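Undergrad: For reference, the structure I am asking about is given below.
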Amino acid sequence: MNYEPIIGLEVHIELETKSKMFCSCSAGYFNAKPNTHTCPVCLGLPGAMPVANKKAIEYAQKFGIALGCDLRLKSKFDRKNYFYPDLAKGFQISQYELPFSHKGAIEITVDGKVKRIGITRAHLEEDTGKLTHAQIKGKKVTLIDFNRSGVPLLEIVSEPDMKSALEAKAYAQKLQQIARYLKVSSADMEEGSMRIEPNVSLRRVSKSQRAKVSKLPDYKVELKNINSFRFAQKAINFEIERQSKLLDKGEKVSQETRGWNEKENKTVSQRSKEEAHDYRYFPEPDLPPLSFTSSRKAEITMTIPELPDEKFERFKKQYKLSQVDAQILTADQKIADFFEEANKAYRKKDPKKVANWITGELLRRLNEQGKSISEIELLPASLAELLYLIDKGDITQNQAKEVFEQMIRIGKGAQLVIKTLGVQQMTQLDLQKLVNKIIAQNNKAVDDFKVGKVASLGFLIGQIQREAKGQADANLAKNLLLEKLKK
Amino acid sequence: MINTQKLTIQEASKLIAEKKISAVEITQSFLERAKKLNAKLNSFITICSDEALKQAKKIDELISDNQRLSPLAGIPIAVKDLFSTKGIKTTAGSKVLENYVPAYSATVVKKLLDENVICIGKTNLDAWGHGSSGENSDFGPTKNPYDLERVPGGSSSGSGAAVAAGQCLAATGTDTGSSVRLPAAFCNLVGLKPTYGLVSRSGVIAMASSLDSIGHLTKTVYDNALVLNTTAGKDFFDSTTQEKKVGDYTKNINRGVKNLKIGLPKEYFGNLDKDIKEKTLAAVKVLEKLGAKIEEVSLPHTKYGVATYYIIQPSEVSSNLARYDGIRFGFGRENFGEEAKRRIILGTYTLSAGYYDAYYLKAMKVRRLIKEDFEKAHKKVDVIICPTSPTLPFKIGEKSDDPLKMYLSDIFVVNQNLAGVPSLNVPCGFIDNLSKSSGVGLPVGMQIVGPHFSEELLYQVGYAYEQETKFYERRPEL
Amino acid sequence: MPKAKIDIEHVAKLAVLKLSAEQQRKLEKQLTEILSYIGQLEEVNTKNIEPIGQITGLENVTRDDQSAPSLSQETALKNAPRFYNGYFEVDAVFTENSPE
């Protein structure tokens, strides 16, 4: 029996607004002391009422459009009622019936193949507080911090179009990339500003049948407690295997929620299937409904920057870059911008060279120094200047690499770093003088070379380099030496 | 000596402005009265002596400084214990919040305090607003000053009793399906249920969010209009409020009713106490004499009001009371009283899976029809007049064992909340109290109902009638 | 309208209310009566009637994305029966039961 995985993803993205979704508490709660970012509204005090954040709504709609969704002209908030200690009001204000966006799709690329993943809906809701478990004086307790309560969340639900863990990962990464391109969220799995919940089921596919003929499975398993793309992959793969084994044995797979257990590398059942939740949704009476004009979509679309896919295609075409280069350069919008700025400043018009310096040197150094592009003060024009100095012959390629590392580290321009390091390429005249000097000082080696000992050439070049303190261009040194030795 | 029973805000305001009495004097008189009668009436849960005197002293300083103050400066008012008052215990009439002290004040409270009112205390109520009699308080029932064996009406029971007994000059209330108008009718007071969204609900403990209306009770129509000047207005913290207030509700209050068209909805004059019917129709006759034109109108969906209300309200109640889990404040959910539990269970059921369409959704559709009834009627007439209660104030304990019976007595008052329209209860007479050999009798009230945001008109009609009859002069014998 | 038979135990669980057997029995009787009364809404023709949203027709109420000072930690915890190191404290709950 063959099985085809049917995978969907529910992704929550924390929107980076100044204030929370329904109150004016600062939404920048990361690392703040517990319960210092609360007010009657997000703490659920008696009598407190929500007031919707205009910017969060804009961001949600912007994201929806970037995901190719239809924007609803009429929308509203609904109450999702359930009890849990991290839910201050005993209900979450969310959207059930009329989410801001629906019916979209994005493209992912896995193993060189492009695939379309449908997006069912994208809606706005408020985040809950955070729970931590502790033991105090021998008693097991749960501690609650409501700083996060009320922060705006965008929930994006995909169609169950993914067929493998790799596809799910690619989809999640694409969403992350779009979030960052739109500048609506840091979408960081580790910081918790992006959370993913895959749902996995298997469909029987016999070898002779075509996949689309068989029915969709009558169950799905939701996976939680996944805080990295890597774990998402592992969890999905584990699930696919676990479910295959059950089905092979002729058993049914229970519809349930399972948590990923990092330590034991497996998913563990979290809830019995009987506890299906009855959220008793009804329209939020404290928030008037929202209506938008048809020009709203056009207005918002104008605020959307060039998205990753578009940029990727354009980079390939406009700069004649390879698939790989274009992908690396467009993965992070800031790197892409840096590339374009540097390329513009570099008069010679050699995008391939600029690209190489970025993919080869810049990204590598950033990695080594543990920094991101936004954390350094290096200007794109400075890279252009450096390349120009190489072209001019003021420094060698190798020297330039050293200089570049310093430029990244201290954020200063090429000229200054060169002066500071005392890096300079030797002029041809000086190099000629040095070659003569080395020849004069190493008669034995010269004689050895003249009788055919090739290694002696290497020795002489080495001497030149040592003396020159790396300021001699290797090729030029070699040529001048050979010329002189031939005489 | 200040006659706390007879004094009105209008009079007190003048006396204070003319420096004939000080804020401290008037505060002391009302505090004394409040304390003296509280054991009998159980109208207050908390009396704020220290804070009140402190406020009064501050106001006297401003007055002696010749500062120009609002007409409400130095006026002793009471606040229903459903309104959050910063630093002052707010219980909602329930054991669940017996020890809860809010970190913030309701917008309406802030607005009144900004006008320098004196807060005498927090009044008793049916817990969470659940009730029309005042018998559902976890802190004991409130008594009607006109007959201590009878209910004062609810849920703003303490507010009604306090104003009627002269313990304060005005009291705030909430009206979700009766709760300002019934106590007003049972206690010979003017009670306003404003248009939904005219007065901010921020900081008022929510009962049913799409129905709660923030009102107040006073002795006279003028007093009532004066208070609305302060409480009305759009609030940043309440997204359901609108800037529709009139600059000064007292300005044209004596316009009179000449040529005003008054509608009598036939559905409200069928099943009710015959004495009440008589008093109401007599009142209408007075208005006719003053120049109004009377005609019959129909509000065909009236009879579905109670059913519609008792789906929508408990549904929203069940959700609004979910935050009371004893974690961040208050005590646990086992402390909810019987009526609260009943409504939570009913509301949870009507919202639950498989039932939402049949109940809540259906009710919201019928609600539209009820609203349209009023709109259609208001195209034909300027205001509608109808009785407030089908019965006289009943004896404590008489109805409380049968919840459905209790709910049905809301028949004349719930439709206005469903439609969101404003309704003003004005006293329209007294009926002999058969259980007392002598005495003032039992009050009867009637509602003046108008289209959305027509409070100014309601006051004009009420004022014209009130000045002809002056029922507010008949104080309870306490 | 559905037949008015209410599973009080199940609803009480949803509402996190503890009821004694006696209370359950009493409630079932009362609520059955009330639901029966409410059933009369069935006779109202609501075909093609939209459910009412905001009763005054208000729409589009939002605020600008500005932040304002929050309550102090002390104030936030002031009414809490149990707290620890700036956190609200409750008996341990297990994530297994989280609805979210």
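Letters A, B, ... mark the chains of the structure tokens in the order given; residue numbers begin at 1 per chain; ligand numbers begin at 1, in order shown.
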Just need the residues of chain B within 6 Å of chain C, counting only C-alpha atoms, so spit them out as a VMD selection string.
TA: chain B and resid 239 307 328 to 329 358 364 to 365 368 420
Undergrad: Could the residues in this selection be written to a file with N, CA and C atoms, as a PDB file, in the first residue's frame?
TA:
```pdb
ATOM      1  N   SER B 239     -15.734  51.447  21.604  1.00  0.00           N
ATOM      2  CA  SER B 239     -15.863  51.532  20.149  1.00  0.00           C
ATOM      3  C   SER B 239     -17.298  51.576  19.659  1.00  0.00           C
ATOM      4  N   ALA B 307     -38.707  36.531  24.419  1.00  0.00           N
ATOM      5  CA  ALA B 307     -38.000  35.353  23.896  1.00  0.00           C
ATOM      6  C   ALA B 307     -36.699  35.763  23.221  1.00  0.00           C
ATOM      7  N   ARG B 328      -6.838  36.482  38.228  1.00  0.00           N
ATOM      8  CA  ARG B 328      -6.249  37.821  38.281  1.00  0.00           C
ATOM      9  C   ARG B 328      -6.921  38.701  39.325  1.00  0.00           C
ATOM     10  N   PHE B 329      -8.107  38.324  39.732  1.00  0.00           N
ATOM     11  CA  PHE B 329      -8.854  39.112  40.718  1.00  0.00           C
ATOM     12  C   PHE B 329     -10.060  38.274  41.152  1.00  0.00           C
ATOM     13  N   ALA B 358     -30.113  28.252  15.377  1.00  0.00           N
ATOM     14  CA  ALA B 358     -31.501  28.195  15.808  1.00  0.00           C
ATOM     15  C   ALA B 358     -31.818  29.242  16.859  1.00  0.00           C
ATOM     16  N   MET B 364     -31.144  37.341  16.470  1.00  0.00           N
ATOM     17  CA  MET B 364     -30.606  38.562  15.875  1.00  0.00           C
ATOM     18  C   MET B 364     -31.397  38.972  14.632  1.00  0.00           C
ATOM     19  N   LYS B 365     -32.081  38.036  14.027  1.00  0.00           N
ATOM     20  CA  LYS B 365     -32.912  38.371  12.872  1.00  0.00           C
ATOM     21  C   LYS B 365     -34.229  38.971  13.351  1.00  0.00           C
ATOM     22  N   ARG B 368     -33.873  42.496  14.350  1.00  0.00           N
ATOM     23  CA  ARG B 368     -33.947  43.482  13.272  1.00  0.00           C
ATOM     24  C   ARG B 368     -35.396  43.858  13.021  1.00  0.00           C
ATOM     25  N   GLY B 420     -32.466  49.370  20.593  1.00  0.00           N
ATOM     26  CA  GLY B 420     -31.434  50.375  20.853  1.00  0.00           C
ATOM     27  C   GLY B 420     -31.984  51.773  21.068  1.00  0.00           C
TER      28      GLY B 420
END
```
Undergrad: For Glu74 of chain C, list every protein, DNA or RNA residue within 12 Å, evaluated using only C-alpha atoms, and leave out those in the same chain fewer than 4 positions away; present the list as a PyMOL selection string.
TA: (chain A and resi 33-39) or (chain B and resi 103) or (chain C and resi 70+78-80+83-88)
Undergrad: Take atom CA of Lys80 of chain A and atom CA of Gln92 of chain A and report the distance between them in Å, one decimal.
TA: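 Spanning atom CA of Lys80 of chain A to atom CA of Gln92 of chain A is a straight-line distance of 5.1 Å.
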Undergrad: Which chain B residues have any atom within 7 Å of an atom of chain A, and for each, what is the nearest pair of atoms with distance in Å to one decimal, counting only C-alpha atoms, rows sorted by chain and number, as CSV?
TA:
```
residue,atom,partner,partner_atom,distance
B:Ser202,CA,A:Ala48,CA,5.8
B:Gly203,CA,A:Gly47,CA,3.9
B:Val204,CA,A:Gly47,CA,4.5
B:Ile205,CA,A:Gly47,CA,4.1
B:Ala206,CA,A:Gly47,CA,5.7
B:Ser209,CA,A:Pro285,CA,5.9
B:Ser210,CA,A:Pro285,CA,5.5
B:Phe237,CA,A:Val51,CA,6.5
B:Asp238,CA,A:Met49,CA,6.1
B:Ser239,CA,A:Val51,CA,5.9
B:Thr240,CA,A:Asp286,CA,6.2
B:Ser319,CA,A:Asn81,CA,6.8
B:Ala322,CA,A:Gly90,CA,4.7
B:Arg323,CA,A:Lys89,CA,4.3
B:Leu351,CA,A:Arg280,CA,5.2
B:Ser352,CA,A:Arg280,CA,5.0
B:Ala353,CA,A:Asp278,CA,6.1
```
Undergrad: For chain C, which residue out of A:Ile6, A:Leu166, A:Val268, A:Ala187 is the nearest one, using only C-alpha atoms?
TA: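 Selected residue with least distance to chain C: A:Val268.
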Undergrad: In Å, rounded to a single decimal, give me how far atom CA of Ser157 of chain B is from atom CA of Val440 of chain B.
TA: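 Interatomic distance here is 19.8 Å.
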Undergrad: Considering only alpha helix (DSSP H) as DSSP defines it on the backbone, what residues of segment 142-344 of chain A qualify? List them as number ranges by chain.
TA: A: 165-182, 229-248, 295-302, 308-319, 323-331, 333-344
Undergrad: Which one of B:Tyr268, B:Tyr407, B:Tyr310, B:Tyr100 sits closest to Ala363 of chain B if you count only C-alpha atoms?
TA: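 Of all the options, B:Tyr310 lies closest to Ala363 of chain B.
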Undergrad: Grab the atom CA of Asp410 of chain B to atom CA of Tyr472 of chain B distance for me, in Å with one decimal place.
TA: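 Atom CA of Asp410 of chain B sits 24.3 Å away from atom CA of Tyr472 of chain B.
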Undergrad: Got a sec to tell me which of segment 8-96 of chain C DSSP assigns to strand (DSSP E or B), as a list in words?
TA: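 After running DSSP on the backbone, segment 8-96 of chain C has strand (DSSP E or B) at Thr62, Arg63, Leu71, Phe83, Tyr84, Tyr87, Phe88, Glu89, Val90 and Asp91 of chain C.
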Undergrad: For the selection you just gave me, I'd like the residues written to a file as a PDB file, in the first residue's frame, keeping N, CA, C and O atoms.
TA:
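Result file is result34.pdb:
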```
ATOM      1  N   THR C  62     -11.788  52.408  14.551  1.00  0.00           N
ATOM      2  CA  THR C  62     -10.440  51.911  14.841  1.00  0.00           C
ATOM      3  C   THR C  62      -9.627  53.029  15.477  1.00  0.00           C
ATOM      4  O   THR C  62     -10.081  54.168  15.526  1.00  0.00           O
ATOM      5  N   ARG C  63      -8.436  52.698  15.956  1.00  0.00           N
ATOM      6  CA  ARG C  63      -7.574  53.736  16.511  1.00  0.00           C
ATOM      7  C   ARG C  63      -6.197  53.667  15.852  1.00  0.00           C
ATOM      8  O   ARG C  63      -5.815  52.629  15.292  1.00  0.00           O
ATOM      9  N   LEU C  71      -0.078  49.579  32.956  1.00  0.00           N
ATOM     10  CA  LEU C  71      -0.157  49.537  34.415  1.00  0.00           C
ATOM     11  C   LEU C  71       1.194  49.073  34.946  1.00  0.00           C
ATOM     12  O   LEU C  71       1.911  48.339  34.265  1.00  0.00           O
ATOM     13  N   PHE C  83       0.339  35.182  43.545  1.00  0.00           N
ATOM     14  CA  PHE C  83       1.305  35.643  42.557  1.00  0.00           C
ATOM     15  C   PHE C  83       2.706  35.313  43.040  1.00  0.00           C
ATOM     16  O   PHE C  83       2.907  35.032  44.225  1.00  0.00           O
ATOM     17  N   TYR C  84       3.650  35.308  42.098  1.00  0.00           N
ATOM     18  CA  TYR C  84       5.011  34.908  42.459  1.00  0.00           C
ATOM     19  C   TYR C  84       5.994  35.567  41.517  1.00  0.00           C
ATOM     20  O   TYR C  84       5.891  35.409  40.306  1.00  0.00           O
ATOM     21  N   TYR C  87       4.646  37.175  38.465  1.00  0.00           N
ATOM     22  CA  TYR C  87       3.728  36.367  37.666  1.00  0.00           C
ATOM     23  C   TYR C  87       2.446  36.088  38.448  1.00  0.00           C
ATOM     24  O   TYR C  87       2.459  36.031  39.667  1.00  0.00           O
ATOM     25  N   PHE C  88       1.354  35.858  37.723  1.00  0.00           N
ATOM     26  CA  PHE C  88       0.154  35.319  38.363  1.00  0.00           C
ATOM     27  C   PHE C  88       0.406  33.833  38.556  1.00  0.00           C
ATOM     28  O   PHE C  88       1.047  33.191  37.712  1.00  0.00           O
ATOM     29  N   GLU C  89      -0.095  33.295  39.630  1.00  0.00           N
ATOM     30  CA  GLU C  89       0.190  31.890  39.895  1.00  0.00           C
ATOM     31  C   GLU C  89      -1.094  31.088  40.004  1.00  0.00           C
ATOM     32  O   GLU C  89      -2.076  31.533  40.619  1.00  0.00           O
ATOM     33  N   VAL C  90      -1.096  29.893  39.400  1.00  0.00           N
ATOM     34  CA  VAL C  90      -2.234  28.966  39.546  1.00  0.00           C
ATOM     35  C   VAL C  90      -1.665  27.574  39.722  1.00  0.00           C
ATOM     36  O   VAL C  90      -0.486  27.335  39.441  1.00  0.00           O
ATOM     37  N   ASP C  91      -2.504  26.649  40.154  1.00  0.00           N
ATOM     38  CA  ASP C  91      -2.066  25.253  40.216  1.00  0.00           C
ATOM     39  C   ASP C  91      -1.672  24.834  38.811  1.00  0.00           C
ATOM     40  O   ASP C  91      -2.265  25.268  37.827  1.00  0.00           O
TER      41      ASP C  91
END
```
Undergrad: Residues of segment 108-188 of chain A that approach segment 73-78 of chain A to 12 Å or less, counting only C-alpha atoms: could you list each one with the shortest pair of atoms and its distance in Å to one decimal, rows by chain and increasing residue number, as a tab-separated table?
TA:
```
residue	atom	partner	partner_atom	distance
A:His123	CA	A:Phe77	CA	9.4
A:Leu124	CA	A:Phe77	CA	8.3
A:Glu125	CA	A:Phe77	CA	8.3
A:Glu126	CA	A:Phe77	CA	10.6
```
Undergrad: Just checking: using only C-alpha atoms, which residue out of A:Val11, A:Leu290, A:Ile240, A:Ile93 ends up closest to chain C?
TA: A:Leu290
Undergrad: For Ala34 of chain B, please output as a compact mmCIF listing (two decimals) with all heavy atoms, in the first residue's frame all residues within 12 Å (counting only C-alpha atoms; exclusion window: fewer than 6 positions along the same chain).
TA:
```txt
# COMPACT_ATOMS: atom_id res chain seq x y z
N THR B 4 -33.03 66.59 52.56
CA THR B 4 -32.49 65.70 51.53
C THR B 4 -33.59 65.04 50.72
O THR B 4 -33.40 64.67 49.58
CB THR B 4 -31.62 64.60 52.17
OG1 THR B 4 -32.42 63.87 53.11
CG2 THR B 4 -30.41 65.19 52.87
N GLN B 5 -34.76 64.89 51.30
CA GLN B 5 -35.87 64.25 50.60
C GLN B 5 -36.39 65.12 49.47
O GLN B 5 -36.67 64.65 48.39
CB GLN B 5 -37.01 63.97 51.58
CG GLN B 5 -36.84 62.70 52.36
CD GLN B 5 -37.68 61.58 51.76
OE1 GLN B 5 -37.53 61.23 50.59
NE2 GLN B 5 -38.60 61.03 52.54
N THR B 27 -22.82 67.50 51.61
CA THR B 27 -22.29 66.15 51.65
C THR B 27 -22.58 65.50 53.00
O THR B 27 -23.00 64.34 53.06
CB THR B 27 -20.77 66.17 51.38
OG1 THR B 27 -20.55 66.77 50.11
CG2 THR B 27 -20.18 64.78 51.40
N GLN B 28 -22.36 66.24 54.05
CA GLN B 28 -22.60 65.69 55.39
C GLN B 28 -24.05 65.29 55.56
O GLN B 28 -24.35 64.22 56.10
CB GLN B 28 -22.20 66.71 56.47
CG GLN B 28 -20.72 66.70 56.75
CD GLN B 28 -20.29 67.86 57.62
OE1 GLN B 28 -20.98 68.89 57.73
NE2 GLN B 28 -19.14 67.71 58.27
N LYS B 40 -32.10 49.85 56.94
CA LYS B 40 -33.50 49.62 56.58
C LYS B 40 -33.65 49.28 55.10
O LYS B 40 -34.40 48.40 54.73
CB LYS B 40 -34.29 50.92 56.84
CG LYS B 40 -35.46 50.77 57.74
CD LYS B 40 -36.24 52.07 57.78
CE LYS B 40 -36.84 52.25 59.17
NZ LYS B 40 -37.45 53.54 59.35
N LEU B 41 -32.96 50.04 54.27
CA LEU B 41 -33.17 49.91 52.84
C LEU B 41 -32.20 48.95 52.16
O LEU B 41 -32.50 48.36 51.13
CB LEU B 41 -33.04 51.28 52.15
CG LEU B 41 -34.07 52.33 52.54
CD1 LEU B 41 -33.70 53.68 51.92
CD2 LEU B 41 -35.46 51.91 52.04
N ASN B 42 -31.00 48.86 52.73
CA ASN B 42 -29.93 48.08 52.09
C ASN B 42 -29.68 48.58 50.67
O ASN B 42 -29.51 47.80 49.73
CB ASN B 42 -30.28 46.58 52.06
CG ASN B 42 -29.04 45.73 51.88
OD1 ASN B 42 -27.92 46.16 52.13
ND2 ASN B 42 -29.24 44.52 51.40
N SER B 43 -29.67 49.91 50.52
CA SER B 43 -29.45 50.50 49.21
C SER B 43 -27.96 50.63 48.84
O SER B 43 -27.61 50.62 47.68
CB SER B 43 -30.11 51.88 49.12
OG SER B 43 -29.95 52.58 50.35
N PHE B 44 -27.10 50.71 49.83
CA PHE B 44 -25.66 50.85 49.55
C PHE B 44 -24.89 49.61 49.94
O PHE B 44 -25.14 49.01 50.97
CB PHE B 44 -25.08 52.04 50.34
CG PHE B 44 -25.43 53.38 49.76
CD1 PHE B 44 -26.58 54.04 50.19
CD2 PHE B 44 -24.63 53.97 48.80
CE1 PHE B 44 -26.91 55.29 49.65
CE2 PHE B 44 -24.96 55.22 48.26
CZ PHE B 44 -26.10 55.88 48.69
N ILE B 45 -23.92 49.24 49.11
CA ILE B 45 -22.96 48.21 49.47
C ILE B 45 -21.76 48.88 50.14
O ILE B 45 -21.18 48.35 51.07
CB ILE B 45 -22.52 47.42 48.22
CG1 ILE B 45 -23.71 46.60 47.70
CG2 ILE B 45 -21.34 46.51 48.53
CD1 ILE B 45 -23.43 45.84 46.41
N THR B 46 -21.40 50.03 49.63
CA THR B 46 -20.27 50.78 50.20
C THR B 46 -20.66 52.25 50.33
O THR B 46 -21.18 52.82 49.37
CB THR B 46 -19.03 50.68 49.29
OG1 THR B 46 -18.71 49.32 49.06
CG2 THR B 46 -17.83 51.39 49.91
N ILE B 47 -20.42 52.83 51.49
CA ILE B 47 -20.63 54.28 51.64
C ILE B 47 -19.24 54.89 51.77
O ILE B 47 -18.44 54.49 52.61
CB ILE B 47 -21.50 54.59 52.87
CG1 ILE B 47 -22.92 54.04 52.63
CG2 ILE B 47 -21.57 56.10 53.11
CD1 ILE B 47 -23.88 54.24 53.78
N CYS B 48 -18.96 55.88 50.93
CA CYS B 48 -17.59 56.42 50.88
C CYS B 48 -17.45 57.71 51.67
O CYS B 48 -17.21 58.78 51.09
CB CYS B 48 -17.20 56.70 49.43
SG CYS B 48 -17.46 55.32 48.32
N SER B 49 -17.59 57.62 52.99
CA SER B 49 -17.58 58.83 53.81
C SER B 49 -16.31 59.65 53.63
O SER B 49 -16.36 60.85 53.35
CB SER B 49 -17.71 58.47 55.29
OG SER B 49 -18.71 57.55 55.47
N PRO B 76 -24.25 65.48 45.58
CA PRO B 76 -24.02 64.10 46.01
C PRO B 76 -24.74 63.11 45.11
O PRO B 76 -25.97 63.18 44.94
CB PRO B 76 -24.63 64.06 47.42
CG PRO B 76 -24.94 65.48 47.78
CD PRO B 76 -25.13 66.20 46.50
N ILE B 77 -23.97 62.21 44.51
CA ILE B 77 -24.58 61.18 43.68
C ILE B 77 -24.11 59.81 44.15
O ILE B 77 -23.14 59.70 44.91
CB ILE B 77 -24.21 61.34 42.18
CG1 ILE B 77 -22.73 61.07 42.00
CG2 ILE B 77 -24.59 62.71 41.65
CD1 ILE B 77 -22.40 60.62 40.58
N ALA B 78 -24.82 58.79 43.72
CA ALA B 78 -24.42 57.42 44.04
C ALA B 78 -24.11 56.70 42.74
O ALA B 78 -24.65 57.05 41.68
CB ALA B 78 -25.52 56.71 44.80
N CYS B 119 -19.19 61.58 45.33
CA CYS B 119 -19.65 60.20 45.26
C CYS B 119 -19.97 59.71 46.68
O CYS B 119 -19.07 59.50 47.48
CB CYS B 119 -18.59 59.33 44.62
SG CYS B 119 -19.06 57.61 44.57
N ILE B 120 -21.27 59.56 46.96
CA ILE B 120 -21.69 59.14 48.31
C ILE B 120 -21.37 57.68 48.54
O ILE B 120 -20.99 57.28 49.65
CB ILE B 120 -23.21 59.37 48.49
CG1 ILE B 120 -23.52 60.86 48.48
CG2 ILE B 120 -23.74 58.72 49.76
CD1 ILE B 120 -23.05 61.61 49.71
N GLY B 121 -21.52 56.87 47.52
CA GLY B 121 -21.22 55.45 47.70
C GLY B 121 -21.61 54.61 46.51
O GLY B 121 -22.05 55.13 45.49
N LYS B 122 -21.44 53.27 46.66
CA LYS B 122 -21.75 52.31 45.59
C LYS B 122 -23.04 51.61 45.96
O LYS B 122 -23.18 51.04 47.06
CB LYS B 122 -20.62 51.28 45.46
CG LYS B 122 -19.22 51.86 45.28
CD LYS B 122 -19.03 52.73 44.05
CE LYS B 122 -19.10 51.97 42.74
NZ LYS B 122 -18.05 50.97 42.57
N THR B 123 -23.98 51.63 45.03
CA THR B 123 -25.29 51.10 45.36
C THR B 123 -25.46 49.63 45.04
O THR B 123 -24.82 49.08 44.15
CB THR B 123 -26.40 51.88 44.63
OG1 THR B 123 -26.15 51.83 43.22
CG2 THR B 123 -26.44 53.33 45.08
N GLY B 158 -30.55 49.49 44.22
CA GLY B 158 -29.98 50.40 45.22
C GLY B 158 -30.01 51.83 44.75
O GLY B 158 -30.29 52.76 45.51
N SER B 159 -29.73 52.04 43.46
CA SER B 159 -29.76 53.39 42.90
C SER B 159 -31.14 54.00 43.02
O SER B 159 -31.30 55.16 43.39
CB SER B 159 -29.31 53.37 41.44
OG SER B 159 -27.91 53.11 41.35
N ALA B 161 -33.63 53.10 45.11
CA ALA B 161 -33.98 53.32 46.51
C ALA B 161 -33.23 54.53 47.07
O ALA B 161 -33.80 55.35 47.81
CB ALA B 161 -33.67 52.08 47.32
N ALA B 162 -31.96 54.67 46.73
CA ALA B 162 -31.13 55.76 47.29
C ALA B 162 -31.64 57.13 46.88
O ALA B 162 -31.70 58.06 47.69
CB ALA B 162 -29.68 55.57 46.87
N VAL B 163 -32.00 57.29 45.62
CA VAL B 163 -32.50 58.59 45.17
C VAL B 163 -33.87 58.85 45.78
O VAL B 163 -34.16 59.93 46.30
CB VAL B 163 -32.58 58.67 43.63
CG1 VAL B 163 -33.13 60.03 43.19
CG2 VAL B 163 -31.21 58.45 43.00
N ALA B 164 -34.73 57.82 45.76
CA ALA B 164 -36.09 57.98 46.28
C ALA B 164 -36.08 58.31 47.76
O ALA B 164 -36.90 59.08 48.25
CB ALA B 164 -36.89 56.72 46.02
N ALA B 165 -35.14 57.73 48.50
CA ALA B 165 -35.10 57.94 49.95
C ALA B 165 -34.33 59.19 50.35
O ALA B 165 -34.21 59.49 51.53
CB ALA B 165 -34.48 56.71 50.62
N GLY B 166 -33.78 59.91 49.38
CA GLY B 166 -33.04 61.12 49.71
C GLY B 166 -31.64 60.84 50.23
O GLY B 166 -31.08 61.64 50.98
N GLN B 167 -31.07 59.73 49.86
CA GLN B 167 -29.70 59.43 50.28
C GLN B 167 -28.68 60.03 49.31
O GLN B 167 -27.47 60.07 49.58
CB GLN B 167 -29.48 57.92 50.39
CG GLN B 167 -30.31 57.26 51.48
CD GLN B 167 -30.22 55.73 51.41
OE1 GLN B 167 -30.49 55.14 50.38
NE2 GLN B 167 -29.83 55.12 52.51
N CYS B 168 -29.18 60.47 48.14
CA CYS B 168 -28.33 61.13 47.15
C CYS B 168 -29.27 61.84 46.18
O CYS B 168 -30.48 61.63 46.23
CB CYS B 168 -27.46 60.12 46.40
SG CYS B 168 -28.42 58.87 45.52
N LEU B 169 -28.73 62.68 45.32
CA LEU B 169 -29.58 63.45 44.41
C LEU B 169 -29.71 62.82 43.04
O LEU B 169 -30.56 63.19 42.24
CB LEU B 169 -29.06 64.89 44.29
CG LEU B 169 -29.32 65.73 45.54
CD1 LEU B 169 -28.64 67.09 45.42
CD2 LEU B 169 -30.82 65.93 45.76
```
Undergrad: Excluding Glu14 of chain A and residues on its chain fewer than 6 positions from it, collect all residues at most 10 Å away from it, counting only C-alpha atoms, and give them as a list in words.
TA: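 Counting only the stated atoms, we get Ala27, Ala56, Leu124, Glu125, Glu126, Asp127, Val151, Pro152, Leu153, Leu154, Glu155, Ala179, Val184, Ser185, Ser186, Ala187, Asp188, Gly192, Ser193, Met194 and Arg195 of chain A.
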Undergrad: Would you list the contacts of Lys478 of chain A as a PyMOL selection string, taking every protein, DNA or RNA residue within 12 Å and counting only C-alpha atoms, but skipping same-chain residues closer than 5 positions in sequence?
TA: chain A and resi 431-432+434-435+457-465+472-473+483-485
